[in-house]
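Okay, so here's the structure we're looking at.
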Amino acid sequence: MSDLSPSLAVSDLFAGYGRMQVVRGVSLEVFPGELVGVLGRNGAGKTTALMAIGGVRRGVASGSVVLMGRESFGRRPHELAEAGLAVVPEGRRIFREMTVADNLRLGAFVRRRVPASELAADLARVYGIFPVLEIYRERLAGQLSGGEQQMVAVGQALMARPRVLLLDEPAAGLSPAVATELYERVRYLAHEGIAVLVVEQAVERALVFAERVYVMEQGRVVLEERAEHLDGEQLSNLIVRGSQPAGS
Ligand code: ATP
């Protein structure tokens, strides 16, 4: 991947709440077609970092976020969306009182003047990835299972035709089987060329599905490695214990 440019390049990202620094100089990259995991224990700053990258105002931030080759730090969420970034925050922010199909159509709103034929083709593509959503397309989204709602949230993000997709704990609260199904679809999206950055609590799951992982601790990246070079048990221990730099 060395001669490719990253779809997302974050450097020296700082973010926090008031005087509390939560993210302290995070740098990371995601290349086209890569699924990259961000791991770390509770409170390590993963969500805050993701939301600062995504322009979702959660506290104050500084740094550089280069999206598809252009500096995008500090741009508003709709500008970032137009530039190719989609964010799926934790907790399925979908419209429960709207149908599945309307939720998906809403996702295309960031693209101005989408011809009806394009919209239909994009909907068909999302239904191809998540067939259950086509079956339930006229149902209220709030009536779907947790896993199906998460598929709506990801599907909605896809309707914006993102080049970079940020997912915050997409499998939270899902059964292992549904989580696996969801991740298989997300991996497929990466294979299609989308750069996917996902915050994940489950170490083993991240190692199965991600090509590369970053481990965060106290607001910093303490490890970056290809998943195939990592051992799940050792990595879990590192995350639970915290890294112990030599000499400390
Ligand atoms: P988790 O997996 O538990 O969500 P995380 O690694 O995603 O953890 P963050 O959610 O980024 O971590 O939280 C990092 C720190 O920032 C925590 O100490 C948390 O209490 C604090 N924090 C998060 N959101 C806010 C907020 N809106 N206002 C103030 N402090 C916050």
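Residues are referred to by chain and number: the chain letter is A, B, ... according to the order shown in the structure tokens, the number counts from 1 in that chain, and ligands are numbered separately from 1 in the order shown.
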Need to verify the contact set: His229 of chain A, 12 Å, only C-alpha atoms, exclusion of same-chain residues closer than 5 positions in sequence. Can you return it as a ChimeraX atom specification? /A:207-208,210-213,223-224,234-235
How would you write, as a ChimeraX atom specification, the set of residues no farther than 7 Å from ligand 1 when counting only C-alpha atoms and all ligand atoms? /A:16-17,22,40-49,58-59,201
Taken to one decimal, the atom CA of Val100 of chain A-atom CA of Ile129 of chain A distance is 14.4 Å
Just the residues within 12 Å of Ser64 of chain A, please, counting only C-alpha atoms, with nothing from its chain fewer than 4 positions along; format it as number ranges by chain. A: 8-15, 25-29, 52-55, 69-75
Quick check for you: according to DSSP on this backbone, which residues of segment 30-242 of chain A are classed as alpha helix (DSSP H)? Reply as a PyMOL selection string. chain A and resi 46-53+77-82+100-107+116-129+131-135+146-158+176-191+203-209+232-241
Determine the nearest neighbour of Ser145 of chain A from the options A:Ser7, A:Thr180, A:Gln21, A:Ser175, counting only C-alpha atoms.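 Distance minimum relative to Ser145 of chain A lands on A:Ser175.
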Measuring between only C-alpha atoms, which one of A:Val240, A:Val199, A:Val178, A:Ala101 shows the shortest distance to Ile135 of chain A?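 Closest to Ile135 of chain A of all the choices is A:Ala101.
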Using DSSP on the backbone coordinates, identify all residues within segment 6-192 of chain A classified as strand (DSSP E); present the result as a PyMOL selection string. chain A and resi 8-17+20-30+35-39+60-67+70-71+85-88+164-168
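Residue neighbourhood of Glu82 of chain A, excluding near-sequence residues (fewer than 3 positions): His78, Glu79, Val110 and Arg111 of chain A, at 7 Å, using only C-alpha atoms.
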Ala190 of chain A surroundings by only C-alpha atoms, 12 Å radius, close-in-sequence under 4 positions cut, as an mmCIF file with C-alpha atoms, in the first residue's frame:
```cif
data_model
loop_
_atom_site.group_PDB
_atom_site.id
_atom_site.type_symbol
_atom_site.label_atom_id
_atom_site.label_comp_id
_atom_site.auth_asym_id
_atom_site.auth_seq_id
_atom_site.Cartn_x
_atom_site.Cartn_y
_atom_site.Cartn_z
ATOM 1 C CA SER A 7 -7.705 8.424 2.371
ATOM 2 C CA VAL A 30 -6.183 4.767 6.821
ATOM 3 C CA PHE A 31 -5.594 3.761 3.209
ATOM 4 C CA PRO A 32 -8.208 3.037 0.560
ATOM 5 C CA GLY A 33 -9.569 -0.452 1.061
ATOM 6 C CA GLU A 34 -8.278 -0.802 4.598
ATOM 7 C CA LEU A 35 -10.272 -1.666 7.696
ATOM 8 C CA VAL A 36 -8.371 -0.259 10.657
ATOM 9 C CA LEU A 158 -23.287 4.564 2.707
ATOM 10 C CA PRO A 162 -18.284 8.005 1.535
ATOM 11 C CA ARG A 163 -14.638 7.374 0.777
ATOM 12 C CA VAL A 164 -13.870 7.252 4.499
ATOM 13 C CA LEU A 165 -16.178 5.646 7.043
ATOM 14 C CA LEU A 166 -15.787 6.123 10.804
ATOM 15 C CA TYR A 183 -18.379 -6.895 10.393
ATOM 16 C CA GLU A 184 -18.356 -9.142 7.341
ATOM 17 C CA ARG A 185 -20.382 -6.518 5.517
ATOM 18 C CA VAL A 186 -18.113 -3.744 6.761
ATOM 19 C CA ILE A 194 -13.714 2.609 1.340
ATOM 20 C CA ALA A 195 -11.219 3.422 4.086
ATOM 21 C CA VAL A 196 -12.823 2.241 7.323
ATOM 22 C CA LEU A 197 -11.731 3.297 10.797
ATOM 23 C CA VAL A 198 -13.566 1.518 13.577
ATOM 24 C CA PHE A 209 -11.677 -8.217 10.879
ATOM 25 C CA ALA A 210 -9.173 -5.369 10.826
ATOM 26 C CA GLU A 211 -6.000 -5.347 8.757
#
```
Within 8 Å of Val203 of chain A using only C-alpha atoms, minus same-chain residues under 5 positions, as JSON, numbers by chain: {"A": [39, 232, 235, 236]}
Which residue out of A:Arg226, A:Gly242, A:Gly107, A:Pro170 has the minimum interatomic distance to Asp122 of chain A when only C-alpha atoms are used?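 Of A:Arg226, A:Gly242, A:Gly107, A:Pro170, the one nearest Asp122 of chain A is A:Gly107, counting only C-alpha atoms.
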Top pick for closest residue to Leu85 of chain A, considering A:Leu50, A:Met20, A:Glu118, A:Gln218 and counting only C-alpha atoms: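 Of the candidates, the smallest distance to Leu85 of chain A is held by A:Leu50.
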A:Ala157, A:Val114, A:Ala206, A:Ala124: which is nearest Glu169 of chain A, counting only C-alpha atoms?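 Going through A:Ala157, A:Val114, A:Ala206, A:Ala124 one by one, the smallest distance to Glu169 of chain A is for A:Ala206.
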Could you tell me how far atom CA of Arg137 of chain A lies from atom CA of Ala83 of chain A, in Å and to one decimal?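 Taking atom CA of Arg137 of chain A and atom CA of Ala83 of chain A, their separation equals 28.2 Å.
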